[in-house]
file start-v6.csv (CSV, C-alpha atoms and all ligand atoms)
chain,number,residue,atom,x,y,z
G,1,MET,CA,0.0,0.0,0.0
G,2,LEU,CA,1.4,3.4,-0.9
G,3,MET,CA,1.1,5.9,1.9
G,4,ASN,CA,1.3,9.6,1.7
G,5,PRO,CA,4.2,10.7,3.9
G,6,GLN,CA,2.5,14.1,4.4
G,7,ASP,CA,-0.7,12.5,5.6
G,8,ILE,CA,1.2,10.3,8.1
G,9,SER,CA,3.2,13.3,9.2
G,10,ASN,CA,0.0,15.3,9.8
G,11,GLU,CA,-1.6,12.4,11.8
G,12,GLU,CA,1.6,12.1,13.8
G,13,ARG,CA,1.4,15.7,14.8
G,14,ARG,CA,-2.3,15.4,15.6
G,15,LEU,CA,-1.8,12.3,17.8
G,16,THR,CA,1.5,13.1,19.4
G,17,GLU,CA,0.0,14.1,22.7
G,18,ALA,CA,-3.0,11.7,22.4
G,19,PRO,CA,-3.6,8.9,24.9
G,20,PRO,CA,-2.5,5.4,23.6
G,21,GLU,CA,-6.2,4.3,23.2
G,22,GLU,CA,-6.8,7.1,20.7
G,23,ILE,CA,-3.7,6.3,18.8
G,24,LEU,CA,-4.7,2.6,18.6
G,25,ALA,CA,-8.3,3.5,17.6
G,26,PHE,CA,-7.0,5.6,14.7
G,27,ALA,CA,-4.5,3.0,13.5
G,28,PHE,CA,-6.9,0.1,13.7
G,29,GLU,CA,-9.5,2.0,11.7
G,30,ARG,CA,-7.0,3.4,9.1
G,31,PHE,CA,-5.3,0.1,8.5
G,32,ARG,CA,-8.2,-2.3,9.1
G,33,GLY,CA,-7.3,-5.9,8.0
G,34,ARG,CA,-3.7,-4.9,7.3
G,35,ILE,CA,-2.4,-4.2,10.8
G,36,ALA,CA,-1.1,-6.4,13.6
G,37,ILE,CA,0.6,-6.1,17.0
G,38,SER,CA,3.9,-7.6,17.8
G,39,THR,CA,4.8,-8.6,21.4
G,40,ALA,CA,7.6,-10.3,23.2
G,41,PHE,CA,5.5,-10.4,26.4
G,42,GLY,CA,7.4,-7.7,28.2
G,43,ALA,CA,5.5,-5.5,30.6
G,44,GLU,CA,4.6,-2.9,28.0
G,45,GLY,CA,3.7,-5.6,25.5
G,46,CYS,CA,1.2,-7.2,28.0
G,47,ALA,CA,-0.3,-3.7,28.7
G,48,LEU,CA,-0.6,-3.1,25.0
G,49,ILE,CA,-2.5,-6.5,24.5
G,50,ASP,CA,-4.9,-5.6,27.3
G,51,MET,CA,-5.6,-2.1,25.9
G,52,ALA,CA,-5.8,-3.3,22.3
G,53,HIS,CA,-8.3,-5.9,23.4
G,54,MET,CA,-10.6,-3.2,24.7
G,55,VAL,CA,-10.2,-1.0,21.6
G,56,ASP,CA,-10.6,-3.7,19.0
G,57,SER,CA,-10.2,-7.4,20.0
G,58,SER,CA,-10.1,-8.5,16.3
G,59,VAL,CA,-6.7,-7.1,15.6
G,60,PRO,CA,-4.1,-10.0,15.4
G,61,ILE,CA,-1.1,-10.3,17.7
G,62,PHE,CA,2.1,-12.1,16.8
G,63,TYR,CA,5.2,-13.2,18.6
G,64,VAL,CA,8.7,-14.1,17.2
G,65,ASP,CA,9.7,-17.2,19.2
G,66,THR,CA,13.5,-17.3,18.9
G,67,GLY,CA,13.7,-20.6,20.7
G,68,PHE,CA,15.7,-18.9,23.5
G,69,ALA,CA,12.8,-17.5,25.5
G,70,PHE,CA,12.7,-17.9,29.2
G,71,ARG,CA,10.2,-20.5,30.5
G,72,GLU,CA,8.5,-17.7,32.3
G,73,THR,CA,8.0,-15.8,29.1
G,74,ASN,CA,6.2,-18.8,27.5
G,75,GLU,CA,4.1,-19.2,30.6
G,76,VAL,CA,3.0,-15.5,30.5
G,77,LYS,CA,2.1,-16.0,26.8
G,78,GLN,CA,-0.2,-18.9,27.9
G,79,ARG,CA,-1.8,-16.8,30.7
G,80,ILE,CA,-2.4,-13.9,28.3
G,81,GLU,CA,-4.0,-16.2,25.7
G,82,GLU,CA,-6.3,-17.8,28.4
G,83,LYS,CA,-7.3,-14.4,29.9
G,84,TYR,CA,-8.2,-12.7,26.6
G,85,GLY,CA,-9.4,-15.8,24.7
G,86,ILE,CA,-6.9,-15.2,21.9
G,87,ALA,CA,-4.4,-17.3,20.0
G,88,VAL,CA,-1.1,-15.4,19.4
G,89,GLN,CA,0.4,-16.1,16.0
G,90,VAL,CA,3.9,-17.4,16.3
G,91,PHE,CA,6.7,-16.9,13.8
G,92,ARG,CA,9.9,-19.0,14.2
G,93,PRO,CA,13.4,-18.9,12.7
G,94,GLN,CA,14.1,-21.1,9.7
G,95,LEU,CA,16.6,-23.1,11.8
G,96,THR,CA,15.8,-24.7,15.2
G,97,VAL,CA,18.3,-24.0,18.0
G,98,PRO,CA,20.1,-27.4,17.4
G,99,GLN,CA,20.1,-26.8,13.6
G,100,GLN,CA,21.7,-23.4,14.1
G,101,ALA,CA,24.3,-24.9,16.4
G,102,ALA,CA,25.1,-27.5,13.8
G,103,ALA,CA,25.3,-25.0,11.0
G,104,HIS,CA,27.0,-22.1,12.8
G,105,GLY,CA,28.4,-23.6,16.0
G,106,GLU,CA,27.3,-23.6,19.6
G,107,ARG,CA,26.5,-20.3,21.4
G,108,LEU,CA,26.5,-18.1,18.3
G,109,TYR,CA,24.9,-15.5,20.6
G,110,GLU,CA,28.3,-15.1,22.3
G,111,ARG,CA,30.4,-14.9,19.2
G,112,ASP,CA,28.1,-13.1,16.8
G,113,PRO,CA,25.0,-11.7,18.5
G,114,ASP,CA,24.1,-9.6,15.5
G,115,GLY,CA,24.1,-12.7,13.3
G,116,CYS,CA,22.1,-14.7,15.8
G,117,CYS,CA,19.5,-11.9,16.1
G,118,ALA,CA,19.4,-11.5,12.3
G,119,MET,CA,18.4,-15.2,11.9
G,120,ARG,CA,16.3,-15.7,15.0
G,121,LYS,CA,14.5,-12.3,15.2
G,122,VAL,CA,14.8,-10.1,12.1
G,123,GLU,CA,14.1,-12.8,9.4
G,124,PRO,CA,11.0,-14.2,11.1
G,125,LEU,CA,9.8,-10.6,11.7
G,126,GLN,CA,10.3,-9.8,8.0
G,127,ARG,CA,8.0,-12.7,7.2
G,128,ALA,CA,5.4,-11.5,9.6
G,129,LEU,CA,5.4,-8.0,8.2
G,130,ARG,CA,5.0,-9.1,4.6
G,131,ALA,CA,1.2,-9.1,4.8
G,132,LEU,CA,0.9,-5.9,6.7
G,133,ASP,CA,0.7,-2.1,6.1
G,134,ALA,CA,1.0,-1.2,9.7
G,135,TRP,CA,2.8,-2.7,12.7
G,136,VAL,CA,2.1,-1.8,16.3
G,137,SER,CA,4.7,-2.3,19.0
G,138,ALA,CA,5.1,-1.1,22.6
G,139,ARG,CA,8.3,0.8,22.6
G,140,ARG,CA,8.7,3.8,24.8
G,141,ARG,CA,11.0,6.8,24.5
G,142,ASP,CA,12.3,6.4,28.0
G,143,MET,CA,13.5,2.8,27.4
G,144,ALA,CA,16.9,3.8,26.0
G,145,SER,CA,18.9,6.6,24.6
G,146,THR,CA,18.3,5.1,21.1
G,147,ARG,CA,14.6,5.7,21.5
G,148,VAL,CA,14.3,9.2,22.9
G,149,ALA,CA,13.0,10.6,19.6
G,150,LEU,CA,10.5,7.8,18.9
G,151,PRO,CA,7.4,9.2,17.1
G,152,VAL,CA,3.9,8.0,17.6
G,153,LEU,CA,3.7,7.1,13.9
G,154,GLU,CA,6.6,6.5,11.6
G,155,LEU,CA,6.7,5.6,7.9
G,156,VAL,CA,9.4,3.0,6.8
G,157,VAL,CA,10.0,1.0,3.7
G,158,GLN,CA,9.9,-2.8,3.6
G,159,PRO,CA,12.6,-4.8,1.8
G,160,ASP,CA,10.2,-5.3,-1.1
G,161,GLY,CA,9.7,-1.6,-1.4
G,162,ARG,CA,6.2,-1.4,0.2
G,163,ASP,CA,5.5,1.3,2.8
G,164,LEU,CA,4.9,0.3,6.4
G,165,CYS,CA,3.5,2.5,9.1
G,166,LYS,CA,5.0,1.8,12.5
G,167,VAL,CA,2.6,2.6,15.3
G,168,ASN,CA,4.0,3.4,18.8
G,169,PRO,CA,1.0,4.1,21.1
G,170,PHE,CA,3.2,4.1,24.2
G,171,ALA,CA,5.9,6.3,22.8
G,172,ARG,CA,5.4,9.0,25.4
G,173,TRP,CA,4.4,6.8,28.3
G,174,THR,CA,7.0,6.1,31.1
G,175,ARG,CA,7.9,2.8,32.6
G,176,LYS,CA,5.9,3.9,35.7
G,177,GLU,CA,2.8,4.6,33.6
G,178,VAL,CA,3.0,1.1,32.1
G,179,TRP,CA,3.3,-0.6,35.5
G,180,THR,CA,0.4,1.6,36.9
G,181,TYR,CA,-1.7,0.4,34.0
G,182,LEU,CA,-0.7,-3.3,34.3
G,183,LEU,CA,-1.5,-3.4,38.0
G,184,ALA,CA,-4.7,-1.4,37.8
G,185,HIS,CA,-6.0,-3.7,35.0
G,186,ASP,CA,-4.7,-7.0,36.6
G,187,VAL,CA,-2.8,-7.8,33.4
G,188,PRO,CA,-0.6,-11.0,33.6
G,189,TYR,CA,3.1,-10.2,33.6
G,190,ASN,CA,6.4,-12.0,33.6
G,191,PRO,CA,7.4,-12.9,37.2
G,192,LEU,CA,11.1,-12.3,36.3
G,193,TYR,CA,10.3,-8.6,36.8
G,194,ASP,CA,9.9,-9.4,40.5
G,195,GLN,CA,13.4,-11.0,40.4
G,196,GLY,CA,15.3,-7.9,39.3
G,197,TYR,CA,14.9,-8.1,35.5
G,198,ALA,CA,13.8,-4.9,33.8
G,199,SER,CA,13.9,-5.8,30.1
G,200,ILE,CA,13.4,-9.4,29.2
G,201,GLY,CA,14.6,-10.9,25.9
G,202,CYS,CA,16.3,-14.3,25.2
G,203,TRP,CA,17.8,-16.0,28.2
G,204,PRO,CA,21.4,-16.2,26.9
G,205,CYS,CA,21.4,-12.4,26.4
G,206,THR,CA,19.5,-11.1,29.5
G,207,ARG,CA,20.4,-10.7,33.1
G,208,PRO,CA,18.9,-8.9,36.1
G,209,LEU,CA,19.7,-5.2,36.7
G,210,ARG,CA,22.3,-4.1,39.2
G,211,ALA,CA,21.5,-1.1,41.4
G,212,GLY,CA,21.4,2.1,39.5
G,213,GLU,CA,21.6,0.6,36.0
G,214,PRO,CA,19.4,1.8,33.2
G,215,GLU,CA,16.4,-0.3,32.1
G,216,ARG,CA,18.1,-2.1,29.2
G,217,ALA,CA,21.6,-2.6,30.8
G,218,GLY,CA,20.7,-6.3,31.3
G,219,ARG,CA,20.5,-6.9,27.6
G,220,TRP,CA,23.6,-8.1,25.8
G,221,SER,CA,25.6,-7.1,28.9
G,222,GLY,CA,29.3,-6.8,28.3
G,223,THR,CA,28.9,-6.0,24.6
G,224,ASN,CA,28.2,-2.8,22.8
G,225,LYS,CA,25.0,-4.2,21.3
G,226,VAL,CA,21.9,-2.2,22.4
G,227,GLU,CA,19.2,-3.2,19.9
G,228,CYS,CA,18.4,-6.7,18.5
G,229,GLY,CA,17.8,-5.2,15.0
G,230,ILE,CA,14.0,-5.6,14.6
G,231,HIS,CA,13.5,-1.9,15.0
G,232,THR,CA,16.5,-0.7,13.0
G,233,PHE,CA,16.5,-2.8,9.8
G,234,LEU,CA,13.7,-0.8,8.1
G,235,ALA,CA,14.8,2.5,6.5
G,236,ALA,CA,12.7,5.6,7.1
G,237,LYS,CA,10.6,6.6,4.1
G,238,LYS,CA,12.1,9.8,2.6
I,301,LIG,S1,18.9,-11.9,21.8
I,301,LIG,FE1,20.7,-13.3,21.9
I,301,LIG,S2,19.9,-15.4,21.8
I,301,LIG,FE2,18.3,-14.0,21.1
I,301,LIG,S3,18.4,-13.9,18.9
I,301,LIG,FE3,19.7,-12.2,19.7
I,301,LIG,S4,21.8,-13.0,20.0
I,301,LIG,FE4,20.4,-14.8,19.7
call {"tool": "encode", "arguments": {"input": "start-v6.csv", "output": "structure tokens"}}
result
Amino acid sequence: MLMNPQDISNEERRLTEAPPEEILAFAFERFRGRIAISTAFGAEGCALIDMAHMVDSSVPIFYVDTGFAFRETNEVKQRIEEKYGIAVQVFRPQLTVPQQAAAHGERLYERDPDGCCAMRKVEPLQRALRALDAWVSARRRDMASTRVALPVLELVVQPDGRDLCKVNPFARWTRKEVWTYLLAHDVPYNPLYDQGYASIGCWPCTRPLRAGEPERAGRWSGTNKVECGIHTFLAAKK
């Protein structure tokens, strides 16, 4: 679908201070049948599922299962599916974890985390996005220095040249607002948050926070990697 960058820019300005529910309602209506929500079952992703369920429960939700998720993450997926009566669509890498180890060696995540993320996260996501014109995720500006300028709507170009509108309804929400929402609405969340984890990805690349560390310091700790690549591989539409 071709999108008018000026139109998206106008809507972005109109919605920039809007509550997340209003941003979701706009996006679900504008991209009806061609929009989906991605989640990795982090706190904000679970809050997003709850909110989206109230705005329009027909919008599909998908999850990229890298094969390295914590047991607790898979359990919260099950609890979410039961609570909301939904079936989350799962996209998996082309190689299983043992197949990847046979082809590229054990613990690729230690030697080449970018390569591991490319195979286990980015490629399955690309497949998920092929059928979409809009993609909703739960990123916030206050998650990391790489996200401080996150807009509510952003237009990017898919590898096949099609436009894609990224929708970020929680862009201006804080971590505290997410947790206030989660607890007020009794939304299931990953119990690892109660054990010192603040951002939860694959188990080999995630550790609990130490006192005073920023939210994503427990991801790829000891390396200079800060993003898995799923939010950086698509170029902005010029
Ligand atoms: S987060 Fe770690 S284990 Fe997961 S895909 Fe990336 S490098 Fe591999």
call {"tool": "residues_near_point", "arguments": {"input": "start-v6.csv", "point": "(4.2, -10.8, 22.9)", "cutoff": "8 Å", "atoms": "only C-alpha atoms", "output": "list in words"}}
result
Ser38, Thr39, Ala40, Phe41, Gly42, Gly45, Cys46, Ile61, Phe62, Tyr63, Val64, Lys77 and Val88 of chain G
call {"tool": "residues_near_ligand", "arguments": {"input": "start-v6.csv", "ligand": "ligand LIG 301 (chain I)", "cutoff": "9 Å", "atoms": "only C-alpha atoms and all ligand atoms", "output": "PyMOL selection string"}}
result
chain G and resi 66-69+107-122+201-206+219-220+227-229
call {"tool": "write_last_selection", "arguments": {"input": "start-v6.csv", "atoms": "C-alpha atoms", "output": "short mmCIF file (atom, residue, chain, number, x, y, z; two decimals), in the frame of the given file"}}
result
data_model
loop_
_atom_site.label_atom_id
_atom_site.label_comp_id
_atom_site.auth_asym_id
_atom_site.auth_seq_id
_atom_site.Cartn_x
_atom_site.Cartn_y
_atom_site.Cartn_z
CA THR G 66 13.50 -17.30 18.90
CA GLY G 67 13.70 -20.60 20.70
CA PHE G 68 15.70 -18.90 23.50
CA ALA G 69 12.80 -17.50 25.50
CA ARG G 107 26.50 -20.30 21.40
CA LEU G 108 26.50 -18.10 18.30
CA TYR G 109 24.90 -15.50 20.60
CA GLU G 110 28.30 -15.10 22.30
CA ARG G 111 30.40 -14.90 19.20
CA ASP G 112 28.10 -13.10 16.80
CA PRO G 113 25.00 -11.70 18.50
CA ASP G 114 24.10 -9.60 15.50
CA GLY G 115 24.10 -12.70 13.30
CA CYS G 116 22.10 -14.70 15.80
CA CYS G 117 19.50 -11.90 16.10
CA ALA G 118 19.40 -11.50 12.30
CA MET G 119 18.40 -15.20 11.90
CA ARG G 120 16.30 -15.70 15.00
CA LYS G 121 14.50 -12.30 15.20
CA VAL G 122 14.80 -10.10 12.10
CA GLY G 201 14.60 -10.90 25.90
CA CYS G 202 16.30 -14.30 25.20
CA TRP G 203 17.80 -16.00 28.20
CA PRO G 204 21.40 -16.20 26.90
CA CYS G 205 21.40 -12.40 26.40
CA THR G 206 19.50 -11.10 29.50
CA ARG G 219 20.50 -6.90 27.60
CA TRP G 220 23.60 -8.10 25.80
CA GLU G 227 19.20 -3.20 19.90
CA CYS G 228 18.40 -6.70 18.50
CA GLY G 229 17.80 -5.20 15.00
#
call {"tool": "closest_residue", "arguments": {"input": "start-v6.csv", "among": "G:Ala131, G:Val59, G:Ala235, G:Leu15", "to": "Leu155 (chain G)", "atoms": "only C-alpha atoms"}}
result
G:Ala235
call {"tool": "residues_around", "arguments": {"input": "start-v6.csv", "residues": "Ile49 (chain G)", "least_positions_apart": "5", "cutoff": "12 Å", "atoms": "only C-alpha atoms", "output": "count of residues only"}}
result
41
call {"tool": "atom_distance", "arguments": {"input": "start-v6.csv", "atom1": "CA of Asp186 (chain G)", "atom2": "CA of Pro19 (chain G)"}}
result
19.8 Å
call {"tool": "closest_residue", "arguments": {"input": "start-v6.csv", "among": "G:Arg140, G:Arg30, G:Arg210, G:His231", "to": "Asp7 (chain G)", "atoms": "all atoms listed in the file"}}
result
G:Arg30
call {"tool": "closest_residue", "arguments": {"input": "start-v6.csv", "among": "G:Pro98, G:Gly196, G:Gly33, G:Gly105", "to": "Ala134 (chain G)", "atoms": "all atoms listed in the file"}}
result
G:Gly33
call {"tool": "atom_distance", "arguments": {"input": "start-v6.csv", "atom1": "CA of Glu72 (chain G)", "atom2": "CA of Leu129 (chain G)"}}
result
26.2 Å
call {"tool": "atom_distance", "arguments": {"input": "start-v6.csv", "atom1": "CA of Phe233 (chain G)", "atom2": "CA of Val157 (chain G)"}}
result
9.7 Å
